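J.: Next comes the structure file query14.csv, holding CSV, C-alpha atoms and all ligand atoms.
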```csv
chain,number,residue,atom,x,y,z
A,1,MET,CA,149.2,-52.9,97.5
A,2,ASP,CA,147.4,-50.3,95.5
A,3,PHE,CA,149.6,-47.3,96.0
A,4,PHE,CA,147.8,-45.3,93.3
A,5,LYS,CA,144.5,-45.6,95.3
A,6,LYS,CA,146.2,-44.7,98.5
A,7,LEU,CA,147.8,-41.6,97.0
A,8,SER,CA,144.4,-40.6,95.5
A,9,ASN,CA,142.9,-40.9,99.0
A,10,LEU,CA,145.5,-38.6,100.4
A,11,LYS,CA,144.8,-36.1,97.6
A,12,GLN,CA,141.1,-36.2,98.2
A,13,GLN,CA,141.7,-35.4,101.9
A,14,HIS,CA,144.1,-32.5,101.0
A,15,LEU,CA,146.8,-34.4,102.8
A,16,TYR,CA,149.0,-35.2,99.8
A,17,ARG,CA,152.5,-33.8,100.3
A,18,SER,CA,154.7,-32.4,97.5
A,19,ARG,CA,158.1,-30.7,97.3
A,20,LYS,CA,159.0,-27.4,95.8
A,21,VAL,CA,162.3,-27.2,94.1
A,22,VAL,CA,164.4,-24.3,95.3
A,23,ASP,CA,166.9,-22.9,92.8
A,24,SER,CA,168.8,-20.5,95.1
A,25,ALA,CA,170.6,-20.6,98.4
A,26,GLN,CA,168.5,-20.8,101.5
A,27,ASP,CA,167.9,-17.2,102.5
A,28,THR,CA,165.1,-14.7,103.2
A,29,LYS,CA,164.7,-14.5,99.4
A,30,ILE,CA,164.6,-17.7,97.5
A,31,ILE,CA,163.8,-18.7,93.9
A,32,ILE,CA,161.1,-21.3,93.1
A,33,ASP,CA,159.7,-21.9,89.6
A,34,GLU,CA,161.7,-18.9,88.4
A,35,LYS,CA,159.8,-16.7,90.9
A,36,SER,CA,161.5,-14.7,93.7
A,37,LEU,CA,159.8,-15.2,97.0
A,38,ILE,CA,160.2,-13.9,100.5
A,39,ASN,CA,160.8,-17.0,102.6
A,40,PHE,CA,158.8,-17.3,105.8
A,41,CYS,CA,159.1,-21.0,106.2
A,42,SER,CA,162.8,-21.7,106.8
A,43,ASN,CA,164.3,-22.8,110.1
A,44,ASP,CA,167.4,-20.9,109.2
A,45,TYR,CA,166.5,-18.6,112.1
A,46,LEU,CA,169.8,-16.7,112.4
A,47,SER,CA,170.2,-16.4,108.6
A,48,LEU,CA,173.5,-18.4,108.8
A,49,ALA,CA,172.9,-21.0,106.1
A,50,ASN,CA,174.1,-18.5,103.4
A,51,HIS,CA,176.3,-16.4,105.6
A,52,THR,CA,179.6,-15.3,104.0
A,53,GLN,CA,181.8,-16.3,106.9
A,54,VAL,CA,180.1,-19.7,107.4
A,55,LYS,CA,180.5,-20.5,103.6
A,56,LYS,CA,184.1,-19.4,103.8
A,57,ALA,CA,184.7,-21.8,106.7
A,58,PHE,CA,183.0,-24.6,104.9
A,59,LYS,CA,185.2,-24.1,101.8
A,60,GLN,CA,188.3,-24.1,104.1
A,61,GLY,CA,187.0,-27.3,105.7
A,62,VAL,CA,186.7,-29.0,102.2
A,63,ASP,CA,190.2,-27.9,101.4
A,64,ARG,CA,191.6,-29.5,104.6
A,65,TYR,CA,189.4,-32.6,104.9
A,66,GLY,CA,187.8,-33.2,101.5
A,67,VAL,CA,184.1,-33.8,101.2
A,68,GLY,CA,183.0,-37.0,102.8
A,69,SER,CA,183.9,-38.4,106.2
A,70,GLY,CA,184.4,-41.8,104.7
A,71,ALA,CA,183.3,-43.9,107.6
A,72,SER,CA,181.4,-44.0,110.9
A,73,HIS,CA,182.8,-42.3,114.0
A,74,LEU,CA,183.9,-45.5,115.5
A,75,VAL,CA,185.9,-46.6,112.5
A,76,SER,CA,187.9,-43.9,110.7
A,77,GLY,CA,185.3,-41.1,110.2
A,78,HIS,CA,185.8,-39.1,113.4
A,79,SER,CA,188.0,-36.2,112.3
A,80,ARG,CA,189.7,-33.5,114.3
A,81,ALA,CA,186.9,-31.2,113.1
A,82,HIS,CA,184.2,-33.5,114.6
A,83,HIS,CA,186.2,-33.7,117.8
A,84,ASP,CA,186.7,-29.9,118.0
A,85,LEU,CA,183.0,-29.2,117.3
A,86,GLU,CA,181.9,-31.7,120.1
A,87,ALA,CA,184.2,-29.9,122.5
A,88,ALA,CA,182.9,-26.5,121.5
A,89,LEU,CA,179.3,-27.7,121.8
A,90,ALA,CA,180.0,-29.2,125.3
A,91,GLU,CA,181.5,-25.9,126.4
A,92,HIS,CA,178.7,-23.8,124.9
A,93,THR,CA,176.0,-25.8,126.7
A,94,GLY,CA,178.0,-26.0,129.9
A,95,GLN,CA,178.1,-29.8,129.8
A,96,GLU,CA,181.0,-32.2,130.3
A,97,ARG,CA,180.7,-33.7,126.8
A,98,ALA,CA,178.8,-33.6,123.6
A,99,LEU,CA,178.2,-36.2,120.9
A,100,LEU,CA,177.5,-35.4,117.2
A,101,PHE,CA,174.8,-37.0,115.2
A,102,SER,CA,174.0,-36.7,111.4
A,103,THR,CA,170.5,-35.3,112.0
A,104,GLY,CA,168.2,-34.4,114.9
A,105,TYR,CA,166.0,-37.3,113.9
A,106,SER,CA,168.8,-39.8,114.4
A,107,ALA,CA,170.0,-38.0,117.6
A,108,ASN,CA,166.6,-38.5,119.2
A,109,LEU,CA,166.4,-42.1,118.0
A,110,GLY,CA,170.0,-42.5,119.4
A,111,VAL,CA,169.1,-41.5,122.9
A,112,PHE,CA,166.2,-43.9,123.1
A,113,SER,CA,168.2,-46.7,121.5
A,114,ALA,CA,171.0,-46.3,124.1
A,115,LEU,CA,168.5,-46.3,127.0
A,116,LYS,CA,166.3,-49.1,125.8
A,117,ASP,CA,167.3,-51.5,128.7
A,118,GLU,CA,167.4,-48.7,131.3
A,119,LEU,CA,163.9,-47.3,131.6
A,120,ASP,CA,160.7,-48.5,133.1
A,121,TRP,CA,158.5,-45.6,132.0
A,122,ILE,CA,158.6,-42.6,129.8
A,123,LEU,CA,156.3,-39.6,129.8
A,124,GLN,CA,156.2,-37.3,126.8
A,125,ASP,CA,154.5,-34.0,126.1
A,126,LYS,CA,151.5,-34.5,123.8
A,127,LEU,CA,153.0,-32.1,121.2
A,128,ASN,CA,156.6,-33.5,121.2
A,129,HIS,CA,158.3,-33.8,117.8
A,130,ALA,CA,157.7,-37.0,115.7
A,131,SER,CA,161.4,-38.1,116.1
A,132,LEU,CA,161.0,-38.3,119.9
A,133,ILE,CA,157.8,-40.4,119.5
A,134,ASP,CA,159.4,-42.6,116.9
A,135,GLY,CA,162.6,-43.1,118.9
A,136,ASN,CA,160.5,-44.1,121.9
A,137,GLN,CA,158.4,-46.6,119.9
A,138,LEU,CA,161.2,-48.0,117.8
A,139,SER,CA,163.1,-48.9,120.9
A,140,ARG,CA,159.9,-50.6,122.2
A,141,LEU,CA,160.0,-48.5,125.4
A,142,PRO,CA,156.7,-47.9,127.2
A,143,LEU,CA,155.2,-44.5,126.2
A,144,GLN,CA,152.6,-42.3,127.9
A,145,ARG,CA,151.7,-38.7,127.0
A,146,TYR,CA,150.8,-35.8,129.2
A,147,LEU,CA,148.7,-32.8,128.2
A,148,HIS,CA,150.7,-30.2,126.3
A,149,ASN,CA,152.8,-28.0,128.6
A,150,ASP,CA,150.6,-29.0,131.5
A,151,VAL,CA,152.6,-29.5,134.7
A,152,ALA,CA,149.6,-30.8,136.7
A,153,SER,CA,148.9,-33.4,134.1
A,154,LEU,CA,152.6,-34.5,134.1
A,155,GLU,CA,152.7,-34.5,137.9
A,156,LYS,CA,149.6,-36.7,138.2
A,157,LYS,CA,151.0,-39.3,135.7
A,158,ALA,CA,154.5,-39.2,137.2
A,159,GLY,CA,153.1,-39.8,140.7
A,160,LYS,CA,151.7,-43.2,139.5
A,161,GLN,CA,155.0,-44.6,138.1
A,162,THR,CA,157.5,-46.9,139.7
A,163,GLY,CA,161.1,-47.6,138.7
A,164,GLN,CA,163.5,-45.5,136.6
A,165,GLY,CA,161.7,-43.1,134.3
A,166,MET,CA,162.4,-40.4,131.7
A,167,ILE,CA,160.4,-37.2,131.1
A,168,VAL,CA,160.8,-35.9,127.6
A,169,THR,CA,159.9,-32.5,126.1
A,170,ASP,CA,160.6,-30.2,123.2
A,171,THR,CA,162.1,-27.1,124.6
A,172,VAL,CA,160.5,-24.8,122.0
A,173,PHE,CA,157.6,-26.7,120.5
A,174,SER,CA,158.2,-27.1,116.8
A,175,MET,CA,154.7,-26.3,115.5
A,176,ASP,CA,153.5,-23.9,118.2
A,177,GLY,CA,156.6,-22.0,119.2
A,178,ASP,CA,155.8,-22.0,122.9
A,179,GLN,CA,158.3,-23.1,125.5
A,180,ALA,CA,158.5,-25.9,128.0
A,181,LYS,CA,158.7,-25.1,131.7
A,182,ILE,CA,162.0,-26.8,132.2
A,183,ASP,CA,162.4,-25.9,135.9
A,184,ASP,CA,159.0,-27.4,136.8
A,185,LEU,CA,159.7,-30.5,134.7
A,186,GLN,CA,163.1,-31.0,136.5
A,187,LYS,CA,161.4,-30.7,139.9
A,188,ILE,CA,158.9,-33.5,138.9
A,189,SER,CA,161.8,-35.6,137.5
A,190,ASP,CA,163.6,-35.2,140.8
A,191,PHE,CA,160.8,-36.5,142.9
A,192,SER,CA,159.7,-39.3,140.5
A,193,ASN,CA,163.1,-40.9,139.9
A,194,ALA,CA,163.2,-39.8,136.3
A,195,ILE,CA,165.8,-38.2,134.0
A,196,LEU,CA,164.7,-35.2,132.0
A,197,MET,CA,165.4,-35.1,128.3
A,198,GLN,CA,164.9,-31.9,126.3
A,199,ASP,CA,165.0,-31.4,122.5
A,200,ASP,CA,166.0,-27.8,121.9
A,201,ALA,CA,166.0,-28.0,118.1
A,202,HIS,CA,164.2,-24.7,117.9
A,203,GLY,CA,165.7,-22.8,120.8
A,204,PHE,CA,169.4,-23.6,120.3
A,205,GLY,CA,171.3,-20.5,119.3
A,206,ILE,CA,168.4,-18.2,120.1
A,207,PHE,CA,167.7,-18.7,123.8
A,208,GLU,CA,170.1,-19.4,126.6
A,209,PRO,CA,169.9,-23.2,127.3
A,210,ASN,CA,168.5,-24.1,130.7
A,211,ILE,CA,170.0,-27.5,131.3
A,212,PRO,CA,169.4,-28.9,134.8
A,213,LYS,CA,172.1,-31.1,136.4
A,214,LYS,CA,172.1,-34.8,135.3
A,215,SER,CA,169.6,-34.1,132.5
A,216,ILE,CA,169.9,-34.9,128.8
A,217,TYR,CA,170.1,-32.1,126.3
A,218,MET,CA,169.7,-32.5,122.5
A,219,ALA,CA,169.8,-29.8,119.9
A,220,THR,CA,170.0,-29.6,116.1
A,221,LEU,CA,172.5,-27.7,113.9
A,222,GLY,CA,170.4,-27.6,110.7
A,223,LYS,CA,168.2,-24.8,112.1
A,224,ALA,CA,169.6,-21.7,113.9
A,225,ALA,CA,173.2,-22.9,113.3
A,226,GLY,CA,172.5,-22.9,109.6
A,227,THR,CA,174.4,-26.1,108.7
A,228,MET,CA,173.3,-29.7,109.5
A,229,GLY,CA,173.6,-32.4,112.1
A,230,ALA,CA,172.7,-32.5,115.8
A,231,PHE,CA,174.3,-33.2,119.2
A,232,VAL,CA,173.4,-34.6,122.5
A,233,SER,CA,175.3,-33.2,125.6
A,234,GLY,CA,175.5,-34.3,129.2
A,235,SER,CA,177.8,-35.9,131.6
A,236,ASP,CA,181.0,-37.6,130.6
A,237,ASP,CA,179.7,-41.0,131.6
A,238,PHE,CA,176.4,-40.6,129.8
A,239,ILE,CA,178.1,-39.6,126.5
A,240,ASP,CA,180.5,-42.5,126.8
A,241,PHE,CA,177.5,-44.8,127.4
A,242,MET,CA,175.9,-43.4,124.2
A,243,ILE,CA,179.0,-44.2,122.2
A,244,GLN,CA,178.8,-47.8,123.4
A,245,LYS,CA,175.1,-48.3,123.0
A,246,SER,CA,173.4,-45.9,120.6
A,247,ARG,CA,172.8,-47.8,117.3
A,248,PRO,CA,172.0,-44.6,115.3
A,249,TYR,CA,175.3,-43.3,116.4
A,250,ILE,CA,177.4,-46.4,115.8
A,251,TYR,CA,176.0,-47.7,112.5
A,252,THR,CA,176.1,-44.6,110.3
A,253,THR,CA,178.6,-42.5,108.4
A,254,ALA,CA,179.8,-39.4,110.2
A,255,ILE,CA,178.7,-36.1,108.7
A,256,SER,CA,181.2,-34.2,106.5
A,257,PRO,CA,184.0,-32.8,108.5
A,258,ALA,CA,183.7,-29.6,106.4
A,259,ILE,CA,180.2,-29.2,107.8
A,260,CYS,CA,181.8,-29.3,111.3
A,261,VAL,CA,184.3,-26.5,110.4
A,262,ALA,CA,181.4,-24.4,109.1
A,263,THR,CA,179.4,-25.1,112.3
A,264,LEU,CA,182.3,-24.0,114.4
A,265,LYS,CA,182.1,-20.7,112.6
A,266,SER,CA,178.3,-20.6,113.2
A,267,LEU,CA,178.9,-21.1,116.9
A,268,ASP,CA,181.3,-18.1,116.9
A,269,LEU,CA,178.6,-16.0,115.2
A,270,ILE,CA,176.0,-17.3,117.7
A,271,LYS,CA,178.2,-16.2,120.6
A,272,GLN,CA,178.8,-12.8,119.1
A,273,GLY,CA,175.0,-12.3,119.3
A,274,GLU,CA,174.4,-9.9,116.4
A,275,GLN,CA,172.1,-12.2,114.4
A,276,LYS,CA,170.3,-13.2,117.5
A,277,ALA,CA,169.6,-9.6,118.4
A,278,LYS,CA,168.2,-9.0,114.9
A,279,LEU,CA,166.0,-12.1,115.1
A,280,LEU,CA,164.6,-11.1,118.6
A,281,ALA,CA,163.8,-7.6,117.3
A,282,ASN,CA,162.0,-9.2,114.3
A,283,ILE,CA,160.0,-11.4,116.7
A,284,ASP,CA,158.9,-8.3,118.7
A,285,PHE,CA,158.0,-6.4,115.6
A,286,PHE,CA,156.0,-9.3,114.2
A,287,ARG,CA,154.0,-9.7,117.5
A,288,ILE,CA,153.3,-5.9,117.7
A,289,PHE,CA,152.3,-5.5,114.1
A,290,SER,CA,150.1,-8.7,113.9
A,291,SER,CA,148.2,-7.6,117.0
A,292,THR,CA,147.7,-4.1,115.5
A,293,LEU,CA,146.1,-5.9,112.5
A,294,GLY,CA,144.0,-8.1,114.8
A,295,LEU,CA,145.5,-11.3,113.5
A,296,PRO,CA,144.9,-14.3,115.8
A,297,ILE,CA,148.6,-15.5,116.0
A,298,SER,CA,149.0,-18.0,118.8
A,299,PRO,CA,151.1,-16.9,121.8
A,300,SER,CA,154.8,-17.4,121.1
A,301,ASN,CA,158.1,-15.6,121.8
A,302,SER,CA,160.1,-17.7,119.5
A,303,ALA,CA,160.9,-17.6,115.8
A,304,ILE,CA,157.9,-19.9,115.2
A,305,GLN,CA,154.6,-17.9,114.8
A,306,PRO,CA,151.6,-20.1,114.2
A,307,LEU,CA,148.3,-18.9,112.7
A,308,ILE,CA,145.7,-21.7,113.3
A,309,ILE,CA,143.3,-22.1,110.4
A,310,GLY,CA,141.6,-25.3,111.5
A,311,ASP,CA,141.2,-27.0,108.1
A,312,SER,CA,143.7,-28.5,105.7
A,313,GLU,CA,142.0,-27.3,102.5
A,314,LYS,CA,141.7,-23.7,103.8
A,315,ALA,CA,145.3,-23.7,105.1
A,316,LEU,CA,146.6,-24.9,101.7
A,317,LEU,CA,144.5,-22.3,99.9
A,318,ILE,CA,145.8,-19.4,102.0
A,319,SER,CA,149.4,-20.7,101.6
A,320,GLN,CA,148.9,-20.8,97.8
A,321,LYS,CA,147.4,-17.2,97.8
A,322,LEU,CA,150.4,-16.0,99.7
A,323,PHE,CA,152.7,-17.8,97.3
A,324,ASP,CA,151.0,-16.1,94.4
A,325,GLN,CA,151.7,-12.8,96.1
A,326,GLY,CA,155.4,-13.6,96.5
A,327,PHE,CA,155.5,-15.0,100.1
A,328,TYR,CA,156.4,-18.6,101.0
A,329,VAL,CA,154.6,-19.7,104.1
A,330,SER,CA,153.9,-23.4,104.6
A,331,ALA,CA,150.6,-24.9,105.5
A,332,ILE,CA,151.0,-27.5,108.2
A,333,ARG,CA,148.4,-30.3,108.2
A,334,THR,CA,147.6,-33.5,110.0
A,335,PRO,CA,149.3,-35.8,111.0
A,336,THR,CA,152.1,-33.2,111.7
A,337,VAL,CA,149.6,-31.3,113.9
A,338,PRO,CA,146.4,-32.5,115.5
A,339,LYS,CA,143.3,-32.5,113.3
A,340,GLY,CA,141.4,-29.2,113.7
A,341,THR,CA,144.6,-27.2,114.3
A,342,GLU,CA,145.9,-27.1,110.7
A,343,ARG,CA,147.8,-23.9,110.4
A,344,LEU,CA,150.2,-21.5,108.7
A,345,ARG,CA,153.6,-21.9,110.4
A,346,ILE,CA,155.3,-18.5,109.9
A,347,THR,CA,159.0,-18.6,110.7
A,348,LEU,CA,161.1,-15.5,111.3
A,349,ASN,CA,164.7,-15.1,110.4
A,350,ALA,CA,167.3,-12.5,111.5
A,351,ASN,CA,167.7,-11.1,108.0
A,352,HIS,CA,164.0,-10.4,107.4
A,353,THR,CA,163.4,-6.7,107.2
A,354,GLN,CA,160.5,-5.0,109.0
A,355,SER,CA,159.1,-4.0,105.7
A,356,GLN,CA,159.0,-7.7,104.6
A,357,ILE,CA,157.2,-8.6,107.8
A,358,GLU,CA,154.7,-5.8,107.4
A,359,GLN,CA,154.0,-6.8,103.8
A,360,LEU,CA,153.5,-10.5,104.8
A,361,LEU,CA,151.1,-9.7,107.6
A,362,THR,CA,149.1,-7.3,105.5
A,363,GLN,CA,148.7,-10.0,102.8
A,364,ILE,CA,147.7,-12.5,105.4
A,365,LYS,CA,145.0,-10.1,106.6
A,366,HIS,CA,143.7,-9.8,103.0
A,367,ALA,CA,143.9,-13.6,102.5
A,368,LEU,CA,141.8,-14.3,105.6
A,369,GLN,CA,139.0,-11.9,104.5
B,401,LIG,C1,161.8,-30.6,117.8
B,401,LIG,C2,162.6,-31.2,116.7
B,401,LIG,N1,163.4,-32.2,117.0
B,401,LIG,C3,164.1,-32.9,116.0
B,401,LIG,C4,164.0,-32.5,114.7
B,401,LIG,C5,164.8,-33.3,113.7
B,401,LIG,O1,165.9,-32.6,113.4
B,401,LIG,P1,166.7,-32.8,112.0
B,401,LIG,O2,165.9,-32.0,111.0
B,401,LIG,O3,168.1,-32.3,112.2
B,401,LIG,O4,166.6,-34.2,111.7
B,401,LIG,C6,163.1,-31.5,114.3
B,401,LIG,C7,162.9,-31.0,113.0
B,401,LIG,O5,163.4,-31.3,112.0
B,401,LIG,C8,162.4,-30.8,115.3
B,401,LIG,O6,161.5,-29.9,115.0
```
Please lay out the structure from this file as structure tokens.
Ligand SMILES: Cc1ncc(COP(=O)(O)O)c(C=O)c1O

T.:
Amino acid sequence: MDFFKKLSNLKQQHLYRSRKVVDSAQDTKIIIDEKSLINFCSNDYLSLANHTQVKKAFKQGVDRYGVGSGASHLVSGHSRAHHDLEAALAEHTGQERALLFSTGYSANLGVFSALKDELDWILQDKLNHASLIDGNQLSRLPLQRYLHNDVASLEKKAGKQTGQGMIVTDTVFSMDGDQAKIDDLQKISDFSNAILMQDDAHGFGIFEPNIPKKSIYMATLGKAAGTMGAFVSGSDDFIDFMIQKSRPYIYTTAISPAICVATLKSLDLIKQGEQKAKLLANIDFFRIFSSTLGLPISPSNSAIQPLIIGDSEKALLISQKLFDQGFYVSAIRTPTVPKGTERLRITLNANHTQSQIEQLLTQIKHALQ
């Protein structure tokens, strides 16, 4: 295989991906290449990743449990901290039980893995996250897609299915920031003998979860909760079944117990609501100011605010221009988003100031001219 040639092709198409090395904590200001930047591409929506209380809890967790968990959950890796966090997440989401995973990617793989002999059909939103698609395909389960957030398209397809099904959706769509119509999806699940699964990676901690009875809820902890990992919550029997059958749960080392101690603190802060109120105020301010400037930001009430550019090279160029001006905003290209919808994905955090948001939007306006 000629990897050099394959990489050259990616570069020619402006689809080559590279990493920037961050020399500071994850925060609204970060250091890259000795340059201080205002960070508008972090999923640390509630600004908890570098929060004093979360860091303190993490250190206390290290003092009590050490660093590594040492084993998988089913061997000796399931500490009191993991157990307490699962109980707190179950309570927070109003479910009987919750199960921790190392990442959201593995949690999604984990659900499909557990259900691989139980489902006759699966319908997924066209814009669902890659991990939901990969989980579906790696488990060799049948996959059909319905038009993005289009209840009529889902209803039509669901009406043609027989046997046990599953309807799967992002709750807040990761690249567009819009929200699934959970109540409508649950109605369709009810009449088509399907179970509803939602991936709330980008809504957890920000919006009240809407979890219909007997549905599957998954959310990540590396975004608004500011730590890492993910969980699936649902009925006692479903979670017990996951423990028996989910290969990405069974065959992996449990995350650090200290991370769980830190996440318990994040959960307290989420419940207190102060960071959430700041984020929601920032989202409102961003929407108002961008519309005053006439910027064509796609409709979204979440922390994800997309500006569609429609071309990879141009999206990269604008992202670079903003970087030079001191703003870090990532360009999102295919295959992460459909061709022709390449974009800037601006993400807002609780600790952004209105002045930082104003400056960013003004620079974007200049960069687009
Ligand atoms: C909708 C969605 N689900 C799952 C994931 C995966 O979560 P994690 O980063 O914890 O693996 C992501 C992003 O990372 C996501 O955007």

J.: Which residues form the shell of 8 Å around ligand LIG 401 (chain B) when you count all atoms listed in the file, given as an NGL selection string?

T.: :A and (102-108 or 128-132 or 170-175 or 199-202 or 219-223 or 228-230)

J.: A:Ala90, A:Asp311, A:Phe327, A:Gln320: which is nearest Pro209 in chain A, counting only C-alpha atoms?

T.: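 Using only C-alpha atoms, the shortest distance to Pro209 in chain A belongs to A:Ala90.
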
J.: Compute the distance from (163.2, -19.6, 111.8) to each atom, counting all atoms listed in the file, keep the residues with any atom at most 7 Å away, and return them as a list in words; use the coordinates of the file.

T.: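 It turns out the residues near that spot are Ser42, Asn43, Asp44, Tyr45, Ala303, Ile304, Thr347, Leu348 and Asn349 of chain A.
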
J.: Give me the residues within 10 Å of Ala258 in chain A as a list in words, counting all atoms listed in the file and dropping any in the same chain fewer than 5 places off.

T.: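 Listing them by chain and then by number gives Ala57, Phe58, Lys59, Gln60, Gly61, Val62, Asp63, Arg64, Tyr65, Gly66, Val67, Gly68, Ser69, Ser79, Ala81, His82, Thr263 and Leu264 of chain A.
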
J.: Write out as JSON, numbers by chain the residues lying within 10 Å of Leu85 in chain A, counting only C-alpha atoms and excluding same-chain residues fewer than 3 positions away.

T.: {"A": [79, 80, 81, 82, 88, 89, 90, 91, 98, 99, 100, 231, 257, 259, 260, 261, 262, 263, 264, 265, 267]}

J.: What is the CA of Gly163 in chain A to CA of Ala194 in chain A distance in Å?

T.: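 Atom-to-atom, CA of Gly163 in chain A to CA of Ala194 in chain A, that is 8.4 Å.
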